[in-house]
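What follows is final29.pdb (PDB, C-alpha atoms).
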```
ATOM      1  CA  MET A   1      99.004  52.611  86.993  1.00  0.00           C
ATOM      2  CA  LEU A   2      98.495  56.043  85.472  1.00  0.00           C
ATOM      3  CA  ASP A   3      94.845  57.030  85.154  1.00  0.00           C
ATOM      4  CA  PHE A   4      93.955  59.667  82.532  1.00  0.00           C
ATOM      5  CA  ASN A   5      91.024  60.846  84.669  1.00  0.00           C
ATOM      6  CA  ILE A   6      93.503  61.922  87.349  1.00  0.00           C
ATOM      7  CA  LEU A   7      96.434  62.951  85.156  1.00  0.00           C
ATOM      8  CA  PHE A   8      94.529  65.340  82.866  1.00  0.00           C
ATOM      9  CA  PRO A   9      92.947  67.460  85.647  1.00  0.00           C
ATOM     10  CA  SER A  10      96.283  67.530  87.464  1.00  0.00           C
ATOM     11  CA  VAL A  11      98.065  68.802  84.356  1.00  0.00           C
ATOM     12  CA  LEU A  12      95.404  71.489  83.813  1.00  0.00           C
ATOM     13  CA  ASN A  13      95.602  72.618  87.438  1.00  0.00           C
ATOM     14  CA  GLY A  14      99.389  72.724  87.150  1.00  0.00           C
ATOM     15  CA  LEU A  15      99.178  74.815  83.971  1.00  0.00           C
ATOM     16  CA  THR A  16      96.751  77.316  85.495  1.00  0.00           C
ATOM     17  CA  THR A  17      98.896  77.728  88.602  1.00  0.00           C
ATOM     18  CA  GLY A  18     102.095  77.787  86.561  1.00  0.00           C
ATOM     19  CA  ALA A  19     100.773  80.635  84.391  1.00  0.00           C
ATOM     20  CA  ILE A  20     100.470  82.853  87.463  1.00  0.00           C
ATOM     21  CA  TYR A  21     103.976  81.878  88.599  1.00  0.00           C
ATOM     22  CA  ALA A  22     105.264  82.596  85.095  1.00  0.00           C
ATOM     23  CA  LEU A  23     103.733  86.074  85.184  1.00  0.00           C
ATOM     24  CA  VAL A  24     105.431  86.827  88.513  1.00  0.00           C
ATOM     25  CA  ALA A  25     108.714  85.420  87.188  1.00  0.00           C
ATOM     26  CA  LEU A  26     108.356  87.527  84.051  1.00  0.00           C
ATOM     27  CA  GLY A  27     108.207  90.634  86.213  1.00  0.00           C
ATOM     28  CA  LEU A  28     111.307  89.575  88.131  1.00  0.00           C
ATOM     29  CA  THR A  29     113.137  88.761  84.910  1.00  0.00           C
ATOM     30  CA  LEU A  30     112.224  92.083  83.332  1.00  0.00           C
ATOM     31  CA  ILE A  31     113.422  94.004  86.388  1.00  0.00           C
ATOM     32  CA  TYR A  32     116.685  92.106  86.508  1.00  0.00           C
ATOM     33  CA  GLY A  33     117.231  92.205  82.745  1.00  0.00           C
ATOM     34  CA  VAL A  34     116.671  95.945  82.429  1.00  0.00           C
ATOM     35  CA  LEU A  35     117.860  97.384  85.730  1.00  0.00           C
ATOM     36  CA  HIS A  36     120.129  94.572  86.968  1.00  0.00           C
ATOM     37  CA  ILE A  37     118.330  94.655  90.307  1.00  0.00           C
ATOM     38  CA  ILE A  38     117.568  91.528  92.268  1.00  0.00           C
ATOM     39  CA  ASN A  39     114.338  92.774  93.784  1.00  0.00           C
ATOM     40  CA  PHE A  40     113.555  91.104  97.099  1.00  0.00           C
ATOM     41  CA  ALA A  41     110.538  93.414  97.451  1.00  0.00           C
ATOM     42  CA  HIS A  42     108.825  91.980  94.354  1.00  0.00           C
ATOM     43  CA  GLY A  43     106.803  89.430  96.318  1.00  0.00           C
ATOM     44  CA  ALA A  44     105.895  91.981  98.976  1.00  0.00           C
ATOM     45  CA  SER A  45     104.718  94.361  96.240  1.00  0.00           C
ATOM     46  CA  LEU A  46     102.529  91.587  94.855  1.00  0.00           C
ATOM     47  CA  MET A  47     101.127  91.060  98.352  1.00  0.00           C
ATOM     48  CA  VAL A  48     100.297  94.778  98.607  1.00  0.00           C
ATOM     49  CA  ALA A  49      98.454  94.557  95.268  1.00  0.00           C
ATOM     50  CA  LEU A  50      96.467  91.540  96.425  1.00  0.00           C
ATOM     51  CA  TYR A  51      95.539  93.261  99.685  1.00  0.00           C
ATOM     52  CA  ALA A  52      94.431  96.299  97.660  1.00  0.00           C
ATOM     53  CA  VAL A  53      92.152  94.059  95.586  1.00  0.00           C
ATOM     54  CA  TYR A  54      90.875  92.509  98.823  1.00  0.00           C
ATOM     55  CA  ALA A  55      90.157  95.956 100.302  1.00  0.00           C
ATOM     56  CA  LEU A  56      88.300  97.047  97.163  1.00  0.00           C
ATOM     57  CA  ALA A  57      86.315  93.807  97.181  1.00  0.00           C
ATOM     58  CA  GLN A  58      85.264  94.527 100.763  1.00  0.00           C
ATOM     59  CA  TRP A  59      83.856  97.854  99.522  1.00  0.00           C
ATOM     60  CA  GLY A  60      81.719  96.011  96.999  1.00  0.00           C
ATOM     61  CA  VAL A  61      83.902  96.200  93.878  1.00  0.00           C
ATOM     62  CA  ASP A  62      84.035  92.988  91.839  1.00  0.00           C
ATOM     63  CA  PRO A  63      87.564  91.557  92.263  1.00  0.00           C
ATOM     64  CA  TYR A  64      88.188  91.391  88.515  1.00  0.00           C
ATOM     65  CA  TRP A  65      87.228  95.062  88.111  1.00  0.00           C
ATOM     66  CA  ALA A  66      89.235  95.950  91.208  1.00  0.00           C
ATOM     67  CA  LEU A  67      92.363  95.192  89.192  1.00  0.00           C
ATOM     68  CA  LEU A  68      91.761  98.272  87.018  1.00  0.00           C
ATOM     69  CA  PRO A  69      92.801 100.822  89.672  1.00  0.00           C
ATOM     70  CA  VAL A  70      95.278  98.484  91.377  1.00  0.00           C
ATOM     71  CA  VAL A  71      97.516  97.880  88.346  1.00  0.00           C
ATOM     72  CA  PRO A  72      98.325 101.584  87.721  1.00  0.00           C
ATOM     73  CA  GLY A  73      98.676 102.019  91.482  1.00  0.00           C
ATOM     74  CA  MET A  74     101.314  99.288  91.572  1.00  0.00           C
ATOM     75  CA  PHE A  75     103.191 100.912  88.700  1.00  0.00           C
ATOM     76  CA  ALA A  76     103.119 104.180  90.677  1.00  0.00           C
ATOM     77  CA  LEU A  77     104.292 102.428  93.860  1.00  0.00           C
ATOM     78  CA  GLY A  78     107.133 100.759  91.978  1.00  0.00           C
ATOM     79  CA  TYR A  79     108.147 104.049  90.393  1.00  0.00           C
ATOM     80  CA  VAL A  80     108.140 105.878  93.725  1.00  0.00           C
ATOM     81  CA  LEU A  81     110.089 103.101  95.458  1.00  0.00           C
ATOM     82  CA  GLN A  82     112.642 103.076  92.621  1.00  0.00           C
ATOM     83  CA  ARG A  83     113.103 106.855  92.501  1.00  0.00           C
ATOM     84  CA  VAL A  84     112.851 107.711  96.180  1.00  0.00           C
ATOM     85  CA  VAL A  85     114.288 104.704  97.984  1.00  0.00           C
ATOM     86  CA  ILE A  86     116.360 102.463  95.712  1.00  0.00           C
ATOM     87  CA  ASN A  87     118.115 105.095  93.558  1.00  0.00           C
ATOM     88  CA  ARG A  88     118.982 107.332  96.502  1.00  0.00           C
ATOM     89  CA  SER A  89     120.387 104.577  98.664  1.00  0.00           C
ATOM     90  CA  SER A  90     122.068 102.278  96.153  1.00  0.00           C
ATOM     91  CA  HIS A  91     124.979 104.531  95.085  1.00  0.00           C
ATOM     92  CA  GLY A  92     125.473 102.186  92.125  1.00  0.00           C
ATOM     93  CA  ARG A  93     126.411  99.167  94.231  1.00  0.00           C
ATOM     94  CA  ASP A  94     124.550  95.875  93.880  1.00  0.00           C
ATOM     95  CA  GLU A  95     124.995  95.010  97.565  1.00  0.00           C
ATOM     96  CA  ASN A  96     123.152  98.170  98.580  1.00  0.00           C
ATOM     97  CA  ILE A  97     120.303  97.380  96.211  1.00  0.00           C
ATOM     98  CA  LEU A  98     119.967  93.899  97.686  1.00  0.00           C
ATOM     99  CA  LEU A  99     119.840  95.285 101.217  1.00  0.00           C
ATOM    100  CA  VAL A 100     117.418  98.088 100.324  1.00  0.00           C
ATOM    101  CA  THR A 101     114.970  95.782  98.545  1.00  0.00           C
ATOM    102  CA  LEU A 102     115.202  93.286 101.408  1.00  0.00           C
ATOM    103  CA  GLY A 103     114.451  96.102 103.842  1.00  0.00           C
ATOM    104  CA  LEU A 104     111.527  97.255 101.696  1.00  0.00           C
ATOM    105  CA  SER A 105     110.195  93.723 101.706  1.00  0.00           C
ATOM    106  CA  ILE A 106     110.347  93.533 105.486  1.00  0.00           C
ATOM    107  CA  VAL A 107     108.688  96.943 105.891  1.00  0.00           C
ATOM    108  CA  LEU A 108     105.867  96.165 103.428  1.00  0.00           C
ATOM    109  CA  GLU A 109     105.196  92.760 104.988  1.00  0.00           C
ATOM    110  CA  ASN A 110     105.071  94.161 108.508  1.00  0.00           C
ATOM    111  CA  LEU A 111     102.850  97.075 107.475  1.00  0.00           C
ATOM    112  CA  ALA A 112     100.424  94.578 105.949  1.00  0.00           C
ATOM    113  CA  LEU A 113     100.592  92.517 109.121  1.00  0.00           C
ATOM    114  CA  LEU A 114      99.808  95.632 111.169  1.00  0.00           C
ATOM    115  CA  VAL A 115      96.905  96.728 108.973  1.00  0.00           C
ATOM    116  CA  PHE A 116      95.340  93.377 108.052  1.00  0.00           C
ATOM    117  CA  SER A 117      96.545  91.108 110.920  1.00  0.00           C
ATOM    118  CA  SER A 118      97.648  87.538 110.273  1.00  0.00           C
ATOM    119  CA  ASP A 119      94.173  86.090 109.740  1.00  0.00           C
ATOM    120  CA  THR A 120      93.491  84.301 106.470  1.00  0.00           C
ATOM    121  CA  ARG A 121      91.527  86.424 104.008  1.00  0.00           C
ATOM    122  CA  THR A 122      89.382  85.242 101.113  1.00  0.00           C
ATOM    123  CA  ILE A 123      87.224  86.993  98.571  1.00  0.00           C
ATOM    124  CA  ASP A 124      83.807  85.413  98.117  1.00  0.00           C
ATOM    125  CA  THR A 125      82.081  86.024  94.809  1.00  0.00           C
ATOM    126  CA  PRO A 126      79.085  84.359  93.190  1.00  0.00           C
ATOM    127  CA  TYR A 127      81.458  82.504  90.847  1.00  0.00           C
ATOM    128  CA  THR A 128      84.098  81.471  93.407  1.00  0.00           C
ATOM    129  CA  LEU A 129      82.955  77.853  93.417  1.00  0.00           C
ATOM    130  CA  SER A 130      81.946  77.762  89.742  1.00  0.00           C
ATOM    131  CA  THR A 131      83.791  75.298  87.554  1.00  0.00           C
ATOM    132  CA  VAL A 132      84.499  74.891  83.873  1.00  0.00           C
ATOM    133  CA  GLU A 133      84.350  71.403  82.427  1.00  0.00           C
ATOM    134  CA  ILE A 134      87.213  70.552  80.090  1.00  0.00           C
ATOM    135  CA  GLY A 135      86.917  66.921  79.114  1.00  0.00           C
ATOM    136  CA  PRO A 136      87.030  64.850  82.294  1.00  0.00           C
ATOM    137  CA  ALA A 137      88.409  67.797  84.299  1.00  0.00           C
ATOM    138  CA  PHE A 138      86.586  70.438  86.304  1.00  0.00           C
ATOM    139  CA  ILE A 139      88.690  73.581  86.703  1.00  0.00           C
ATOM    140  CA  ALA A 140      87.683  76.462  88.975  1.00  0.00           C
ATOM    141  CA  TYR A 141      86.388  79.434  87.010  1.00  0.00           C
ATOM    142  CA  PRO A 142      88.691  81.962  88.774  1.00  0.00           C
ATOM    143  CA  LYS A 143      91.690  79.799  87.826  1.00  0.00           C
ATOM    144  CA  VAL A 144      90.614  79.765  84.180  1.00  0.00           C
ATOM    145  CA  VAL A 145      90.208  83.541  84.185  1.00  0.00           C
ATOM    146  CA  ALA A 146      93.606  83.963  85.882  1.00  0.00           C
ATOM    147  CA  PHE A 147      95.195  81.622  83.330  1.00  0.00           C
ATOM    148  CA  PHE A 148      93.890  83.549  80.334  1.00  0.00           C
ATOM    149  CA  GLY A 149      94.650  86.863  82.057  1.00  0.00           C
ATOM    150  CA  ALA A 150      98.250  85.765  82.591  1.00  0.00           C
ATOM    151  CA  LEU A 151      98.500  84.655  78.951  1.00  0.00           C
ATOM    152  CA  ALA A 152      97.092  87.994  77.799  1.00  0.00           C
ATOM    153  CA  CYS A 153      99.548  89.929  79.976  1.00  0.00           C
ATOM    154  CA  CYS A 154     102.472  87.864  78.672  1.00  0.00           C
ATOM    155  CA  ALA A 155     101.338  88.367  75.072  1.00  0.00           C
ATOM    156  CA  LEU A 156     100.910  92.100  75.633  1.00  0.00           C
ATOM    157  CA  LEU A 157     104.358  92.395  77.178  1.00  0.00           C
ATOM    158  CA  TYR A 158     105.857  90.399  74.306  1.00  0.00           C
ATOM    159  CA  ALA A 159     104.155  92.684  71.784  1.00  0.00           C
ATOM    160  CA  VAL A 160     105.421  95.792  73.554  1.00  0.00           C
ATOM    161  CA  VAL A 161     108.992  94.488  73.802  1.00  0.00           C
ATOM    162  CA  ALA A 162     109.105  93.076  70.265  1.00  0.00           C
ATOM    163  CA  ARG A 163     107.216  95.719  68.315  1.00  0.00           C
ATOM    164  CA  THR A 164     107.675  99.135  69.916  1.00  0.00           C
ATOM    165  CA  ARG A 165     110.539 101.590  70.172  1.00  0.00           C
ATOM    166  CA  LEU A 166     110.324 101.355  73.959  1.00  0.00           C
ATOM    167  CA  GLY A 167     110.609  97.582  73.760  1.00  0.00           C
ATOM    168  CA  ARG A 168     113.648  97.762  71.524  1.00  0.00           C
ATOM    169  CA  ALA A 169     115.228 100.235  73.934  1.00  0.00           C
ATOM    170  CA  ILE A 170     114.611  97.843  76.797  1.00  0.00           C
TER     171      ILE A 170
END
```

Structure re-expressed in structure tokens:
Amino acid sequence: MLDFNILFPSVLNGLTTGAIYALVALGLTLIYGVLHIINFAHGASLMVALYAVYALAQWGVDPYWALLPVVPGMFALGYVLQRVVINRSSHGRDENILLVTLGLSIVLENLALLVFSSDTRTIDTPYTLSTVEIGPAFIAYPKVVAFFGALACCALLYAVVARTRLGRAI
């Protein structure tokens, strides 16, 4: 028998996790829709961003504030990889782009393995184990923040694409 006290928290946890997956998928979709590139290095780039947040958190920066320098840094990394590596080696062929982004993925993953080792890493904050009560459900505070952050990013991207000249050009 279906119990609401189990179903409701499960649905909320699924929504909070799904919002993060949707944000990653939105990035992949935007790259493919605009540049027609199937980017195998997308996940590795996300891993580099998360390790950057981890490194900043180890230096005492709050993980939420650590995103401020990491986001422009990831845009810069993506721009450099596109201009220096992908454009120069693709020669307009999709097969080359697939191989180059796969190679970038392997290089980024192995560099992270070299620098950070394969040990599990976590960021401990005073609010890591804090929860938010929503009806009968208790959702972790970082998941709630990530959910609303993902919604805000999606809304911002929608506004840029729908309401700006750049968005119409894309």

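Those residues returned by the PyMOL selection byres ((chain A and resi 141) around 10) for this file are Tyr127, Thr128, Leu129, Ser130, Thr131, Val132, Glu133, Phe138, Ile139, Ala140, Pro142, Lys143, Val144, Val145, Ala146 and Phe147 of chain A.
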
- request: Please provide the set of residues having any atom within 12 Å of A:Gly43, restricted to only C-alpha atoms, with same-chain residues fewer than 3 positions apart removed, written as a list in words.
  value: Tyr21, Val24, Ala25, Gly27, Leu28, Ile38, Asn39, Phe40, Leu46, Met47, Val48, Ala49, Leu50, Thr101, Leu102, Leu104, Ser105, Ile106, Leu108 and Glu109 of chain A

So what does the PyMOL selection byres ((chain A and resi 52) around 10) actually pick up in this one, as a CSV table (one decimal) with C-alpha atoms, in the frame of the given file?
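result31.csv, freshly written:
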```csv
chain,number,residue,atom,x,y,z
A,46,LEU,CA,102.5,91.6,94.9
A,47,MET,CA,101.1,91.1,98.4
A,48,VAL,CA,100.3,94.8,98.6
A,49,ALA,CA,98.5,94.6,95.3
A,50,LEU,CA,96.5,91.5,96.4
A,51,TYR,CA,95.5,93.3,99.7
A,53,VAL,CA,92.2,94.1,95.6
A,54,TYR,CA,90.9,92.5,98.8
A,55,ALA,CA,90.2,96.0,100.3
A,56,LEU,CA,88.3,97.0,97.2
A,57,ALA,CA,86.3,93.8,97.2
A,58,GLN,CA,85.3,94.5,100.8
A,63,PRO,CA,87.6,91.6,92.3
A,66,ALA,CA,89.2,96.0,91.2
A,67,LEU,CA,92.4,95.2,89.2
A,69,PRO,CA,92.8,100.8,89.7
A,70,VAL,CA,95.3,98.5,91.4
A,71,VAL,CA,97.5,97.9,88.3
A,73,GLY,CA,98.7,102.0,91.5
A,74,MET,CA,101.3,99.3,91.6
```

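Those residues that approach stretch 81-87 of chain A to within 10 Å, counting all atoms listed in the file, are A:Ile37, A:Ala41, A:Phe75, A:Ala76, A:Leu77, A:Gly78, A:Ser90, A:His91, A:Gly92, A:Asn96, A:Ile97, A:Leu98, A:Leu99, A:Val100, A:Thr101, A:Leu104; same-chain residues fewer than 3 positions away are not listed.
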
message: My list of candidates is A:Leu26, A:Asn13, A:Arg163, A:Tyr32. Which is closest to A:Asp94 when distances are computed with all atoms listed in the file?
response: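 Checking each of A:Leu26, A:Asn13, A:Arg163, A:Tyr32 against A:Asp94, counting all atoms listed in the file, the winner is A:Tyr32.
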
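From atom CA of A:Thr120 back to atom CA of A:Ile20, the distance works out to 20.3 Å.
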
- prompt: Out of A:Val107, A:Thr125, A:Gly149, A:Gly167, which residue has the shortest atom-to-atom distance to A:Ser45 when counting all atoms listed in the file?
  reply: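 Comparing A:Val107, A:Thr125, A:Gly149, A:Gly167 against A:Ser45, the winner is A:Val107.
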
task: Translate the PyMOL selection byres ((chain A and resi 135) around 12), as applied to the file shown, into an explicit residue set as an MDAnalysis selection string.
output: chainID A and resid 4:9 12 132:134 136:139

Quick one: axis-aligned box around all listed atoms of stretch 40-56 of chain A, 5 Å on every side, centre and edge lengths in Å to one decimal, written as JSON.
```
{"center_x": 100.9, "center_y": 93.2, "center_z": 97.3, "size_x": 35.3, "size_y": 17.6, "size_z": 15.9}
```

- request: Could you give me, as JSON, numbers by chain, the residues within 9 Å of A:Ala150, counting all atoms listed in the file and dropping anything in the same chain fewer than 6 positions from it?
  value: {"A": [19, 20, 22, 23]}

Once you have the residues from the selection above, write them out as a short mmCIF file (atom, residue, chain, number, x, y, z; two decimals), keeping the file's coordinate frame, restricted to C-alpha atoms.
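Heads up, here's the output in out_35.cif:
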```cif
data_model
loop_
_atom_site.label_atom_id
_atom_site.label_comp_id
_atom_site.auth_asym_id
_atom_site.auth_seq_id
_atom_site.Cartn_x
_atom_site.Cartn_y
_atom_site.Cartn_z
CA ALA A 19 100.77 80.64 84.39
CA ILE A 20 100.47 82.85 87.46
CA ALA A 22 105.26 82.60 85.10
CA LEU A 23 103.73 86.07 85.18
#
```

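Distances from A:Ser89, A:Leu157, A:Glu95, A:Asp62 to A:Pro126 were compared using all atoms listed in the file, and the smallest one belongs to A:Asp62.
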
- request: To one decimal in Å, tell me the separation between atom CA of A:Thr17 and atom CA of A:Trp65.
  value: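 Value for the atom CA of A:Thr17-atom CA of A:Trp65 distance: 20.9 Å.
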
If I only have part of stretch 111-143 of chain A, can you fill in N, CA and C atoms and write it as a PDB file, in the coordinates of the input?
```
ATOM      1  N   LEU A 111     103.964  96.135 107.575  1.00  0.00           N
ATOM      2  CA  LEU A 111     102.850  97.075 107.475  1.00  0.00           C
ATOM      3  C   LEU A 111     101.549  96.337 107.155  1.00  0.00           C
ATOM      4  N   ALA A 112     101.613  95.372 106.261  1.00  0.00           N
ATOM      5  CA  ALA A 112     100.424  94.578 105.949  1.00  0.00           C
ATOM      6  C   ALA A 112      99.978  93.771 107.165  1.00  0.00           C
ATOM      7  N   LEU A 113     100.926  93.260 107.903  1.00  0.00           N
ATOM      8  CA  LEU A 113     100.592  92.517 109.121  1.00  0.00           C
ATOM      9  C   LEU A 113      99.925  93.434 110.143  1.00  0.00           C
ATOM     10  N   LEU A 114     100.397  94.666 110.247  1.00  0.00           N
ATOM     11  CA  LEU A 114      99.808  95.632 111.169  1.00  0.00           C
ATOM     12  C   LEU A 114      98.397  96.014 110.744  1.00  0.00           C
ATOM     13  N   VAL A 115      98.205  96.255 109.471  1.00  0.00           N
ATOM     14  CA  VAL A 115      96.905  96.728 108.973  1.00  0.00           C
ATOM     15  C   VAL A 115      95.888  95.601 108.874  1.00  0.00           C
ATOM     16  N   PHE A 116      96.287  94.445 108.347  1.00  0.00           N
ATOM     17  CA  PHE A 116      95.340  93.377 108.052  1.00  0.00           C
ATOM     18  C   PHE A 116      95.376  92.219 109.041  1.00  0.00           C
ATOM     19  N   SER A 117      96.314  92.196 109.959  1.00  0.00           N
ATOM     20  CA  SER A 117      96.545  91.108 110.920  1.00  0.00           C
ATOM     21  C   SER A 117      96.970  89.842 110.175  1.00  0.00           C
ATOM     22  N   SER A 118      97.152  88.766 110.904  1.00  0.00           N
ATOM     23  CA  SER A 118      97.648  87.538 110.273  1.00  0.00           C
ATOM     24  C   SER A 118      96.539  86.544 109.952  1.00  0.00           C
ATOM     25  N   ASP A 119      95.294  86.971 110.051  1.00  0.00           N
ATOM     26  CA  ASP A 119      94.173  86.090 109.740  1.00  0.00           C
ATOM     27  C   ASP A 119      94.095  85.839 108.236  1.00  0.00           C
ATOM     28  N   THR A 120      93.661  84.644 107.874  1.00  0.00           N
ATOM     29  CA  THR A 120      93.491  84.301 106.470  1.00  0.00           C
ATOM     30  C   THR A 120      92.342  85.106 105.885  1.00  0.00           C
ATOM     31  N   ARG A 121      92.545  85.629 104.685  1.00  0.00           N
ATOM     32  CA  ARG A 121      91.527  86.424 104.008  1.00  0.00           C
ATOM     33  C   ARG A 121      91.131  85.742 102.704  1.00  0.00           C
ATOM     34  N   THR A 122      89.863  85.757 102.393  1.00  0.00           N
ATOM     35  CA  THR A 122      89.382  85.242 101.113  1.00  0.00           C
ATOM     36  C   THR A 122      88.366  86.219 100.547  1.00  0.00           C
ATOM     37  N   ILE A 123      88.218  86.168  99.253  1.00  0.00           N
ATOM     38  CA  ILE A 123      87.224  86.993  98.571  1.00  0.00           C
ATOM     39  C   ILE A 123      86.142  86.045  98.065  1.00  0.00           C
ATOM     40  N   ASP A 124      84.935  86.244  98.551  1.00  0.00           N
ATOM     41  CA  ASP A 124      83.807  85.413  98.117  1.00  0.00           C
ATOM     42  C   ASP A 124      83.032  86.153  97.035  1.00  0.00           C
ATOM     43  N   THR A 125      82.865  85.490  95.923  1.00  0.00           N
ATOM     44  CA  THR A 125      82.081  86.024  94.809  1.00  0.00           C
ATOM     45  C   THR A 125      81.053  84.973  94.411  1.00  0.00           C
ATOM     46  N   PRO A 126      80.070  85.345  93.631  1.00  0.00           N
ATOM     47  CA  PRO A 126      79.085  84.359  93.190  1.00  0.00           C
ATOM     48  C   PRO A 126      79.697  83.240  92.340  1.00  0.00           C
ATOM     49  N   TYR A 127      80.842  83.489  91.735  1.00  0.00           N
ATOM     50  CA  TYR A 127      81.458  82.504  90.847  1.00  0.00           C
ATOM     51  C   TYR A 127      82.691  81.850  91.464  1.00  0.00           C
ATOM     52  N   THR A 128      82.917  82.044  92.759  1.00  0.00           N
ATOM     53  CA  THR A 128      84.098  81.471  93.407  1.00  0.00           C
ATOM     54  C   THR A 128      84.132  79.949  93.274  1.00  0.00           C
ATOM     55  N   LEU A 129      83.009  79.314  93.464  1.00  0.00           N
ATOM     56  CA  LEU A 129      82.955  77.853  93.417  1.00  0.00           C
ATOM     57  C   LEU A 129      82.482  77.318  92.067  1.00  0.00           C
ATOM     58  N   SER A 130      82.338  78.199  91.083  1.00  0.00           N
ATOM     59  CA  SER A 130      81.946  77.762  89.742  1.00  0.00           C
ATOM     60  C   SER A 130      83.105  77.027  89.084  1.00  0.00           C
ATOM     61  N   THR A 131      82.763  76.062  88.253  1.00  0.00           N
ATOM     62  CA  THR A 131      83.791  75.298  87.554  1.00  0.00           C
ATOM     63  C   THR A 131      83.525  75.298  86.056  1.00  0.00           C
ATOM     64  N   VAL A 132      84.580  75.031  85.324  1.00  0.00           N
ATOM     65  CA  VAL A 132      84.499  74.891  83.873  1.00  0.00           C
ATOM     66  C   VAL A 132      84.892  73.454  83.558  1.00  0.00           C
ATOM     67  N   GLU A 133      84.066  72.790  82.778  1.00  0.00           N
ATOM     68  CA  GLU A 133      84.350  71.403  82.427  1.00  0.00           C
ATOM     69  C   GLU A 133      85.164  71.347  81.141  1.00  0.00           C
ATOM     70  N   ILE A 134      86.335  70.744  81.249  1.00  0.00           N
ATOM     71  CA  ILE A 134      87.213  70.552  80.090  1.00  0.00           C
ATOM     72  C   ILE A 134      87.496  69.057  80.018  1.00  0.00           C
ATOM     73  N   GLY A 135      86.782  68.377  79.180  1.00  0.00           N
ATOM     74  CA  GLY A 135      86.917  66.921  79.114  1.00  0.00           C
ATOM     75  C   GLY A 135      86.516  66.308  80.445  1.00  0.00           C
ATOM     76  N   PRO A 136      87.364  65.453  81.009  1.00  0.00           N
ATOM     77  CA  PRO A 136      87.030  64.850  82.294  1.00  0.00           C
ATOM     78  C   PRO A 136      87.398  65.728  83.484  1.00  0.00           C
ATOM     79  N   ALA A 137      87.920  66.931  83.223  1.00  0.00           N
ATOM     80  CA  ALA A 137      88.409  67.797  84.299  1.00  0.00           C
ATOM     81  C   ALA A 137      87.420  68.915  84.595  1.00  0.00           C
ATOM     82  N   PHE A 138      87.350  69.281  85.858  1.00  0.00           N
ATOM     83  CA  PHE A 138      86.586  70.438  86.304  1.00  0.00           C
ATOM     84  C   PHE A 138      87.587  71.417  86.905  1.00  0.00           C
ATOM     85  N   ILE A 139      87.737  72.573  86.259  1.00  0.00           N
ATOM     86  CA  ILE A 139      88.690  73.581  86.703  1.00  0.00           C
ATOM     87  C   ILE A 139      87.901  74.766  87.248  1.00  0.00           C
ATOM     88  N   ALA A 140      88.361  75.318  88.367  1.00  0.00           N
ATOM     89  CA  ALA A 140      87.683  76.462  88.975  1.00  0.00           C
ATOM     90  C   ALA A 140      87.681  77.645  88.014  1.00  0.00           C
ATOM     91  N   TYR A 141      86.549  78.299  87.916  1.00  0.00           N
ATOM     92  CA  TYR A 141      86.388  79.434  87.010  1.00  0.00           C
ATOM     93  C   TYR A 141      87.414  80.543  87.279  1.00  0.00           C
ATOM     94  N   PRO A 142      87.660  80.936  88.547  1.00  0.00           N
ATOM     95  CA  PRO A 142      88.691  81.962  88.774  1.00  0.00           C
ATOM     96  C   PRO A 142      90.083  81.545  88.279  1.00  0.00           C
ATOM     97  N   LYS A 143      90.397  80.258  88.347  1.00  0.00           N
ATOM     98  CA  LYS A 143      91.690  79.799  87.826  1.00  0.00           C
ATOM     99  C   LYS A 143      91.759  79.916  86.315  1.00  0.00           C
TER     100      LYS A 143
END
```
